[in-house]
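Raw query-v2.cif, mmCIF, C-alpha atoms:
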data_input
loop_
_atom_site.label_atom_id
_atom_site.label_comp_id
_atom_site.auth_asym_id
_atom_site.auth_seq_id
_atom_site.Cartn_x
_atom_site.Cartn_y
_atom_site.Cartn_z
CA MET O 3 41.71 144.70 261.51
CA THR O 4 42.52 145.36 265.12
CA ARG O 5 40.73 145.02 268.42
CA CYS O 6 40.52 146.94 271.66
CA LEU O 7 39.00 146.40 275.08
CA PHE O 8 36.37 148.37 276.88
CA PHE O 9 35.45 148.00 280.53
CA LEU O 10 32.45 146.26 282.03
CA LEU O 11 31.10 147.46 285.38
CA LEU O 12 29.64 144.89 287.75
CA VAL O 13 26.31 146.30 288.90
CA CYS O 14 24.50 143.35 290.49
CA LEU O 15 25.06 139.81 291.68
CA LEU O 16 22.23 137.21 291.38
CA LEU O 17 22.75 133.97 293.29
CA GLN O 18 20.79 130.76 292.66
CA LEU O 19 19.85 129.36 296.09
CA SER O 20 18.27 126.03 296.96
CA ASN O 21 17.81 126.47 300.74
CA THR O 22 18.38 128.94 303.55
CA SER O 23 21.82 127.69 304.59
CA ALA O 24 22.98 127.69 300.98
CA ALA O 25 21.62 131.20 300.64
CA GLN O 26 23.68 132.44 303.58
CA ALA O 27 26.84 130.81 302.30
CA SER O 28 26.27 132.10 298.81
CA ALA O 29 25.58 135.59 300.11
CA GLU O 30 28.92 135.59 301.90
CA ALA O 31 30.63 134.37 298.72
CA GLY O 32 28.81 137.05 296.76
CA ARG O 33 30.14 139.81 299.01
CA GLU O 34 33.67 138.46 298.65
CA ILE O 35 33.28 138.27 294.87
CA THR O 36 32.03 141.84 294.74
CA ARG O 37 35.05 143.05 296.67
CA ALA O 38 37.40 140.93 294.56
CA ALA O 39 36.22 142.01 291.11
CA LEU O 40 34.03 145.06 290.70
CA GLU O 41 34.94 145.73 287.08
CA LEU O 42 35.15 143.31 284.21
CA PRO O 43 36.65 143.77 280.76
CA ILE O 44 34.70 142.75 277.67
CA SER O 45 36.35 141.93 274.36
CA SER O 46 35.88 144.36 271.53
CA LYS O 47 37.14 144.26 267.99
CA PHE O 48 38.10 147.60 266.57
CA GLN O 49 37.80 148.11 262.83
CA PRO O 50 39.72 151.28 261.99
CA ASP O 51 40.08 152.82 258.58
CA PHE O 52 43.65 153.86 259.24
CA PRO O 53 46.56 151.42 258.78
CA ALA O 54 47.34 149.02 261.61
CA ARG O 55 50.60 149.69 263.38
CA THR O 56 53.20 146.96 263.38
CA ALA O 57 54.26 144.99 266.44
CA ALA O 58 57.99 145.14 265.83
CA LYS O 59 60.22 144.91 268.88
CA PRO O 60 61.70 148.20 270.07
CA THR O 61 65.27 148.39 268.76
CA GLU O 62 66.05 151.36 270.99
CA PRO O 63 65.33 151.78 274.71
CA GLY O 64 62.53 154.22 273.84
CA PRO O 65 61.46 157.09 276.07
CA GLN O 66 62.98 156.89 279.54
CA GLY O 67 61.78 158.39 282.78
CA GLU O 68 59.61 157.82 285.82
CA MET O 69 56.24 159.18 286.89
CA HIS O 70 53.87 158.63 289.76
CA PHE O 71 50.43 157.11 289.37
CA GLN O 72 47.28 156.98 291.45
CA LEU O 73 45.76 153.55 291.99
CA SER O 74 41.99 153.88 291.55
CA ALA O 75 39.48 151.15 292.48
CA GLY O 76 42.44 149.00 293.51
CA TYR O 77 43.77 148.45 289.98
CA LEU O 78 43.34 151.38 287.54
CA LEU O 79 46.64 153.16 286.83
CA LEU O 80 45.84 156.88 286.68
CA VAL O 81 48.50 159.39 285.59
CA ARG O 82 48.46 163.10 284.80
CA GLY O 83 49.03 164.26 281.26
CA ARG O 84 48.44 166.88 278.61
CA ILE O 85 46.61 166.96 275.27
CA GLY O 86 47.46 169.99 273.18
CA GLN O 87 47.32 172.98 275.53
CA ILE O 88 44.97 171.28 278.00
CA ASN O 89 46.97 170.39 281.13
CA GLY O 90 46.19 168.34 284.23
CA LEU O 91 44.25 165.62 282.44
CA ARG O 92 43.73 162.14 283.87
CA PHE O 93 44.89 159.16 281.79
CA VAL O 94 44.41 155.43 282.42
CA LEU O 95 47.32 153.22 281.30
CA ASP O 96 45.68 150.16 279.74
CA THR O 97 47.52 147.36 277.93
CA GLY O 98 44.13 145.79 277.19
CA THR O 99 43.17 148.58 274.78
CA THR O 100 44.64 148.41 271.31
CA TYR O 101 44.24 152.05 270.33
CA THR O 102 44.35 155.08 272.58
CA ILE O 103 40.95 156.64 273.31
CA ILE O 104 40.20 160.24 274.31
CA ASP O 105 36.98 161.51 275.79
CA ARG O 106 34.52 163.27 273.52
CA LYS O 107 34.56 166.39 275.70
CA ILE O 108 38.30 166.84 275.12
CA ALA O 109 37.84 166.37 271.38
CA ASN O 110 35.14 169.04 271.44
CA ARG O 111 37.40 171.50 273.25
CA LEU O 112 40.15 170.91 270.69
CA ARG O 113 37.68 171.07 267.78
CA LEU O 114 39.22 167.99 266.23
CA VAL O 115 38.26 166.96 262.71
CA ARG O 116 36.64 163.53 263.07
CA ARG O 117 36.03 160.56 260.84
CA PRO O 118 33.63 157.65 261.51
CA SER O 119 34.67 154.17 262.54
CA GLN O 120 33.20 151.42 264.71
CA VAL O 121 33.85 148.94 267.48
CA LEU O 122 32.37 145.46 267.44
CA ASN O 123 31.53 144.86 271.11
CA LEU O 124 30.95 141.12 271.17
CA ASP O 125 28.17 140.76 268.57
CA ARG O 126 27.12 144.42 268.50
CA ALA O 127 28.65 147.15 266.38
CA VAL O 128 29.25 150.42 268.24
CA ARG O 129 29.86 153.55 266.21
CA VAL O 130 32.80 155.70 267.31
CA GLN O 131 34.96 158.40 265.76
CA ARG O 132 38.66 158.84 265.17
CA ALA O 133 40.88 161.89 264.81
CA ASP O 134 44.50 163.01 264.85
CA LEU O 135 45.69 164.59 268.08
CA PRO O 136 48.05 167.55 267.59
CA GLU O 137 49.99 166.62 270.75
CA LEU O 138 49.83 164.20 273.68
CA GLN O 139 52.23 164.05 276.62
CA PHE O 140 52.52 162.19 279.91
CA GLY O 141 55.74 161.56 281.83
CA PRO O 142 58.55 161.01 279.27
CA ILE O 143 56.08 160.10 276.50
CA HIS O 144 55.57 162.93 273.99
CA LEU O 145 53.75 162.40 270.67
CA HIS O 146 52.61 164.67 267.83
CA ASN O 147 49.87 164.15 265.22
CA PHE O 148 48.85 160.84 266.72
CA PRO O 149 45.66 158.99 265.61
CA VAL O 150 43.20 158.19 268.40
CA ILE O 151 39.66 157.01 268.97
CA ILE O 152 37.02 159.39 270.32
CA ALA O 153 34.39 157.96 272.65
CA ASP O 154 32.35 158.83 275.71
CA LEU O 155 34.45 157.87 278.74
CA GLY O 156 31.80 159.00 281.18
CA TYR O 157 31.23 155.39 282.31
CA PHE O 158 34.37 155.73 284.44
CA ALA O 159 32.26 157.86 286.76
CA SER O 160 30.73 154.57 287.91
CA TYR O 161 34.19 153.77 289.35
CA ALA O 162 34.09 157.07 291.29
CA THR O 163 36.76 158.56 289.06
CA HIS O 164 37.07 160.89 286.07
CA VAL O 165 39.11 159.87 283.02
CA ASP O 166 40.04 162.02 280.02
CA ALA O 167 41.92 159.39 278.00
CA VAL O 168 42.76 155.69 277.95
CA ILE O 169 46.36 155.17 276.86
CA GLY O 170 46.43 152.00 274.82
CA LEU O 171 48.95 149.48 273.61
CA ASP O 172 49.75 151.59 270.54
CA ILE O 173 51.62 153.98 272.86
CA LEU O 174 52.63 151.75 275.76
CA ARG O 175 54.47 149.22 273.59
CA ARG O 176 56.93 151.90 272.37
CA SER O 177 59.10 151.34 275.44
CA ASN O 178 59.67 148.74 278.13
CA PHE O 179 57.98 149.82 281.34
CA THR O 180 57.75 148.76 284.97
CA VAL O 181 54.77 149.29 287.26
CA ASP O 182 55.83 149.48 290.91
CA TYR O 183 52.66 149.13 292.97
CA GLY O 184 54.51 149.68 296.24
CA ALA O 185 56.14 152.97 295.20
CA ARG O 186 53.18 153.95 292.95
CA THR O 187 55.52 154.68 290.03
CA VAL O 188 55.72 153.76 286.36
CA SER O 189 59.25 153.65 284.93
CA PHE O 190 59.74 153.77 281.16
CA GLY O 191 62.86 152.39 279.47
CA GLY O 192 65.34 149.90 280.89
CA ILE O 193 64.45 146.56 282.46
CA SER O 194 63.67 145.64 286.06
CA HIS O 195 63.99 141.87 286.45
CA GLY O 196 61.56 140.23 288.85
CA ALA O 197 61.68 136.88 290.61
CA PHE O 198 59.32 135.29 288.06
CA ASP O 199 58.85 135.57 284.31
CA VAL O 200 56.85 134.07 281.46
CA PRO O 201 57.01 134.53 277.67
CA LEU O 202 55.04 137.54 276.47
CA ARG O 203 53.50 137.27 273.01
CA ALA O 204 53.01 140.68 271.40
CA ASP O 205 51.13 141.23 268.14
CA PRO O 206 49.54 144.38 266.66
CA VAL O 207 46.36 143.76 268.64
CA CYS O 208 47.22 142.56 272.14
CA LEU O 209 49.64 141.05 274.64
CA THR O 210 49.04 137.45 275.73
CA VAL O 211 50.59 135.08 278.25
CA PRO O 212 50.22 131.32 278.90
CA VAL O 213 48.13 130.42 281.96
CA GLU O 214 47.47 126.94 283.37
CA ILE O 215 44.01 126.27 284.81
CA GLY O 216 43.25 122.85 286.27
CA GLY O 217 46.20 121.41 284.37
CA ARG O 218 44.90 122.72 281.02
CA SER O 219 46.60 125.37 278.90
CA PHE O 220 44.96 128.75 278.23
CA ARG O 221 46.24 131.88 276.53
CA LEU O 222 44.98 135.07 278.13
CA LEU O 223 45.16 138.69 277.11
CA LEU O 224 47.22 140.69 279.60
CA ASP O 225 45.25 143.69 280.83
CA THR O 226 46.42 146.43 283.20
CA GLY O 227 42.99 148.03 282.81
CA ALA O 228 41.10 145.11 284.37
CA GLN O 229 40.84 143.64 287.82
CA ALA O 230 39.20 140.28 287.16
CA LEU O 231 40.08 137.00 285.50
CA VAL O 232 37.63 136.74 282.58
CA LEU O 233 37.29 133.67 280.37
CA TYR O 234 35.36 132.92 277.20
CA GLU O 235 32.70 130.41 278.11
CA ALA O 236 32.82 127.99 275.15
CA PRO O 237 36.56 127.11 275.20
CA THR O 238 36.60 127.11 279.01
CA ARG O 239 33.73 124.65 279.31
CA SER O 240 35.24 122.40 276.66
CA ARG O 241 38.46 122.11 278.69
CA LEU O 242 36.93 122.30 282.18
CA PRO O 243 33.50 120.64 281.86
CA ALA O 244 33.09 120.18 285.64
CA LEU O 245 32.96 123.93 286.37
CA ARG O 246 29.99 124.96 288.50
CA ILE O 247 28.22 128.30 288.22
CA ASN O 248 28.19 130.21 291.54
CA GLY O 249 26.12 133.15 290.36
CA GLU O 250 25.53 135.72 287.67
CA ALA O 251 26.77 139.25 287.21
CA TYR O 252 25.55 141.97 284.90
CA GLY O 253 27.67 144.82 283.67
CA LEU O 254 27.43 147.99 281.64
CA SER O 255 29.25 148.64 278.39
CA LEU O 256 28.91 151.22 275.64
CA GLU O 257 25.82 149.47 274.32
CA GLY O 258 23.95 148.43 277.43
CA ARG O 259 23.91 145.58 279.92
CA LEU O 260 25.98 142.43 279.37
CA PRO O 261 25.83 139.19 281.36
CA SER O 262 28.55 137.01 282.85
CA LYS O 263 28.66 133.90 285.04
CA ILE O 264 30.74 133.59 288.19
CA VAL O 265 32.82 130.44 288.65
CA SER O 266 35.51 129.16 291.02
CA LEU O 267 38.41 127.73 289.06
CA PRO O 268 40.68 124.82 289.96
CA ALA O 269 44.34 125.64 290.65
CA THR O 270 45.36 128.51 288.35
CA TYR O 271 48.97 129.44 287.60
CA LEU O 272 50.89 132.08 285.69
CA GLY O 273 54.34 130.51 285.59
CA PRO O 274 54.95 129.33 289.18
CA THR O 275 52.56 131.88 290.71
CA ASN O 276 49.17 130.77 291.99
CA ILE O 277 46.69 133.47 290.98
CA GLU O 278 43.11 134.52 291.73
CA ARG O 279 40.67 131.63 291.17
CA THR O 280 37.40 133.55 291.01
CA ALA O 281 36.60 134.11 287.33
CA PHE O 282 33.81 135.41 285.11
CA LEU O 283 32.60 133.54 282.03
CA VAL O 284 31.44 135.66 279.08
CA ASN O 285 30.39 134.96 275.53
CA GLY O 286 33.34 135.17 273.20
CA PRO O 287 33.71 137.17 270.01
CA ASP O 288 33.70 135.75 266.51
CA LYS O 289 36.35 133.03 266.10
CA ASN O 290 38.34 135.30 263.80
CA ALA O 291 38.27 138.26 266.19
CA LEU O 292 40.81 137.13 268.79
CA ALA O 293 42.04 133.82 267.43
CA GLY O 294 43.87 131.76 270.03
CA VAL O 295 42.85 134.00 272.95
CA ASP O 296 40.75 132.38 275.68
CA GLY O 297 40.04 135.41 277.85
CA TYR O 298 41.75 138.10 279.91
CA LEU O 299 44.08 138.23 282.85
CA GLY O 300 43.73 141.42 284.86
CA ILE O 301 47.13 142.26 286.32
CA ALA O 302 45.48 142.77 289.72
CA ALA O 303 44.85 138.99 289.89
CA LEU O 304 48.63 138.50 290.19
CA LYS O 305 48.77 140.51 293.43
CA ALA O 306 52.28 141.52 292.38
CA ARG O 307 54.39 144.24 293.98
CA ARG O 308 56.18 145.04 290.73
CA VAL O 309 55.49 144.07 287.10
CA THR O 310 57.75 144.68 284.08
CA PHE O 311 56.67 144.58 280.44
CA ASP O 312 59.85 143.74 278.51
CA PHE O 313 59.06 144.15 274.81
CA ARG O 314 62.66 143.79 273.67
CA ASN O 315 62.96 140.29 275.13
CA ASN O 316 59.26 139.39 274.96
CA THR O 317 58.89 138.56 278.64
CA LEU O 318 56.65 139.55 281.52
CA ASN O 319 58.54 139.81 284.82
CA TRP O 320 57.04 140.23 288.27
CA GLU O 321 57.69 139.90 291.97
CA ARG O 322 55.35 139.70 294.94
#

Give the structure from this file in structure tokens form.
Amino acid sequence: MTRCLFFLLLVCLLLQLSNTSAAQASAEAGREITRAALELPISSKFQPDFPARTAAKPTEPGPQGEMHFQLSAGYLLLVRGRIGQINGLRFVLDTGTTYTIIDRKIANRLRLVRRPSQVLNLDRAVRVQRADLPELQFGPIHLHNFPVIIADLGYFASYATHVDAVIGLDILRRSNFTVDYGARTVSFGGISHGAFDVPLRADPVCLTVPVEIGGRSFRLLLDTGAQALVLYEAPTRSRLPALRINGEAYGLSLEGRLPSKIVSLPATYLGPTNIERTAFLVNGPDKNALAGVDGYLGIAALKARRVTFDFRNNTLNWER
């Protein structure tokens, strides 16, 4: 059983106000929050009927090479790629998605043979399809007969961008890679050591890192496809009972509108780095879905200049 992440789009912000001055202050905070985190990830559990891939460390450097990316909405890593004979496609590189997803329109053009499967999006099952791609290529990555999920990726249009595929952890973990936000490049293979590092736990489902919030320990899923810091409400409130709700946000997923609560966290650290303290509380999945995971850390919250995913040594390196 494996899981993947889909995106949640913030579409409105509702503030609870007690008087006029509080309303003005809250409105200002609301505008800042909207600029800080327009998209939120929501946990999903993917239940495929093909075998789960293992999480073994790469014993070889893997594919090596460099490619440029476009930074969309301030955090989405967009690269150009090819599926079969269809060139010039737009791919999002997303460590928060377990299995690679291609848009239904591309699958239709390729006339792929499909089989049913489903995603459990929080407490709701979402029916999707899977198929085997004849060929997929971007930068130095080149795969044949690769199993993928087929879904409607049209919701990316809400981010003012078009996406043909979401490249998930099943592909990205095949090689160490470095995201250089200054140069707008992704480098595969090799290692670029940053000033800071933390242990990176990799399993067949996700990548997680230890984060300290208000002196309490959390383990968060590391997500290049998300901008916000998102926490499961129940474990967060049990460890940080004094948290106050600043407002509410509603987002769109595959199956409709989903709520979250906006909070300001106490001091929050990844290793020695103080990170974004605005967070969103969401209902968590079943206890068995993402055991030991307390939420998600969008890489954008680090405000890093360069980030390296080192799968051979199980570390996350970064510099600001």

> So which residues get picked by the PyMOL selection byres ((chain O and resi 212-215) around 12) here, written as a VMD selection string?
Replying inline: chain O and resid 199 to 203 209 to 211 216 to 224 231 233 238 to 239 241 to 242 245 266 to 281 294 to 299 304 317 to 318

Selection to disk with C-alpha atoms, as a CSV table (one decimal), in the coordinates of the input:
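Result file follows (part-v7.csv):
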chain,number,residue,atom,x,y,z
O,199,ASP,CA,58.8,135.6,284.3
O,200,VAL,CA,56.8,134.1,281.5
O,201,PRO,CA,57.0,134.5,277.7
O,202,LEU,CA,55.0,137.5,276.5
O,203,ARG,CA,53.5,137.3,273.0
O,209,LEU,CA,49.6,141.0,274.6
O,210,THR,CA,49.0,137.4,275.7
O,211,VAL,CA,50.6,135.1,278.2
O,216,GLY,CA,43.2,122.8,286.3
O,217,GLY,CA,46.2,121.4,284.4
O,218,ARG,CA,44.9,122.7,281.0
O,219,SER,CA,46.6,125.4,278.9
O,220,PHE,CA,45.0,128.8,278.2
O,221,ARG,CA,46.2,131.9,276.5
O,222,LEU,CA,45.0,135.1,278.1
O,223,LEU,CA,45.2,138.7,277.1
O,224,LEU,CA,47.2,140.7,279.6
O,231,LEU,CA,40.1,137.0,285.5
O,233,LEU,CA,37.3,133.7,280.4
O,238,THR,CA,36.6,127.1,279.0
O,239,ARG,CA,33.7,124.6,279.3
O,241,ARG,CA,38.5,122.1,278.7
O,242,LEU,CA,36.9,122.3,282.2
O,245,LEU,CA,33.0,123.9,286.4
O,266,SER,CA,35.5,129.2,291.0
O,267,LEU,CA,38.4,127.7,289.1
O,268,PRO,CA,40.7,124.8,290.0
O,269,ALA,CA,44.3,125.6,290.6
O,270,THR,CA,45.4,128.5,288.4
O,271,TYR,CA,49.0,129.4,287.6
O,272,LEU,CA,50.9,132.1,285.7
O,273,GLY,CA,54.3,130.5,285.6
O,274,PRO,CA,55.0,129.3,289.2
O,275,THR,CA,52.6,131.9,290.7
O,276,ASN,CA,49.2,130.8,292.0
O,277,ILE,CA,46.7,133.5,291.0
O,278,GLU,CA,43.1,134.5,291.7
O,279,ARG,CA,40.7,131.6,291.2
O,280,THR,CA,37.4,133.6,291.0
O,281,ALA,CA,36.6,134.1,287.3
O,294,GLY,CA,43.9,131.8,270.0
O,295,VAL,CA,42.8,134.0,273.0
O,296,ASP,CA,40.8,132.4,275.7
O,297,GLY,CA,40.0,135.4,277.8
O,298,TYR,CA,41.8,138.1,279.9
O,299,LEU,CA,44.1,138.2,282.8
O,304,LEU,CA,48.6,138.5,290.2
O,317,THR,CA,58.9,138.6,278.6
O,318,LEU,CA,56.6,139.6,281.5

>> Measuring between all atoms listed in the file, which one of O:Arg246, O:Lys263, O:Arg84, O:Lys305 shows the shortest distance to O:His144?
In response: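 Of all the options, O:Arg84 lies closest to O:His144.
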
>> Neighbouring residues of O:Gly196 were defined as those with any atom within 6 Å, considering only C-alpha atoms; residues of the same chain fewer than 4 positions away were excluded. Please report them as a list in words.
In response: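 Here the qualifying residues turn out to be Asn319, Trp320 and Glu321 of chain O.
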
Name the residues that the PyMOL selection byres ((chain O and resi 90-98) around 8) picks from the file above, as a PDB file with C-alpha atoms, keeping the file's coordinate frame, using the file's chain letters and numbers.
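Here's the written file expr33.pdb:
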ATOM      1  CA  CYS O   6      40.520 146.940 271.660  1.00  0.00           C
ATOM      2  CA  LEU O   7      39.000 146.400 275.080  1.00  0.00           C
ATOM      3  CA  LEU O  78      43.340 151.380 287.540  1.00  0.00           C
ATOM      4  CA  LEU O  79      46.640 153.160 286.830  1.00  0.00           C
ATOM      5  CA  LEU O  80      45.840 156.880 286.680  1.00  0.00           C
ATOM      6  CA  VAL O  81      48.500 159.390 285.590  1.00  0.00           C
ATOM      7  CA  ARG O  82      48.460 163.100 284.800  1.00  0.00           C
ATOM      8  CA  GLY O  83      49.030 164.260 281.260  1.00  0.00           C
ATOM      9  CA  ARG O  84      48.440 166.880 278.610  1.00  0.00           C
ATOM     10  CA  ILE O  85      46.610 166.960 275.270  1.00  0.00           C
ATOM     11  CA  ILE O  88      44.970 171.280 278.000  1.00  0.00           C
ATOM     12  CA  ASN O  89      46.970 170.390 281.130  1.00  0.00           C
ATOM     13  CA  THR O  99      43.170 148.580 274.780  1.00  0.00           C
ATOM     14  CA  THR O 100      44.640 148.410 271.310  1.00  0.00           C
ATOM     15  CA  HIS O 164      37.070 160.890 286.070  1.00  0.00           C
ATOM     16  CA  VAL O 165      39.110 159.870 283.020  1.00  0.00           C
ATOM     17  CA  ASP O 166      40.040 162.020 280.020  1.00  0.00           C
ATOM     18  CA  ALA O 167      41.920 159.390 278.000  1.00  0.00           C
ATOM     19  CA  VAL O 168      42.760 155.690 277.950  1.00  0.00           C
ATOM     20  CA  ILE O 169      46.360 155.170 276.860  1.00  0.00           C
ATOM     21  CA  GLY O 170      46.430 152.000 274.820  1.00  0.00           C
ATOM     22  CA  LEU O 171      48.950 149.480 273.610  1.00  0.00           C
ATOM     23  CA  LEU O 174      52.630 151.750 275.760  1.00  0.00           C
ATOM     24  CA  CYS O 208      47.220 142.560 272.140  1.00  0.00           C
ATOM     25  CA  LEU O 209      49.640 141.050 274.640  1.00  0.00           C
ATOM     26  CA  LEU O 223      45.160 138.690 277.110  1.00  0.00           C
ATOM     27  CA  LEU O 224      47.220 140.690 279.600  1.00  0.00           C
ATOM     28  CA  ASP O 225      45.250 143.690 280.830  1.00  0.00           C
ATOM     29  CA  THR O 226      46.420 146.430 283.200  1.00  0.00           C
ATOM     30  CA  GLY O 227      42.990 148.030 282.810  1.00  0.00           C
ATOM     31  CA  ALA O 228      41.100 145.110 284.370  1.00  0.00           C
TER      32      ALA O 228
END

> For the atom pair atom CA of O:Pro136 and atom CA of O:Gln87, what is the interatomic distance in Å to one decimal place?
Replying inline: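 Separation between atom CA of O:Pro136 and atom CA of O:Gln87: 9.6 Å.
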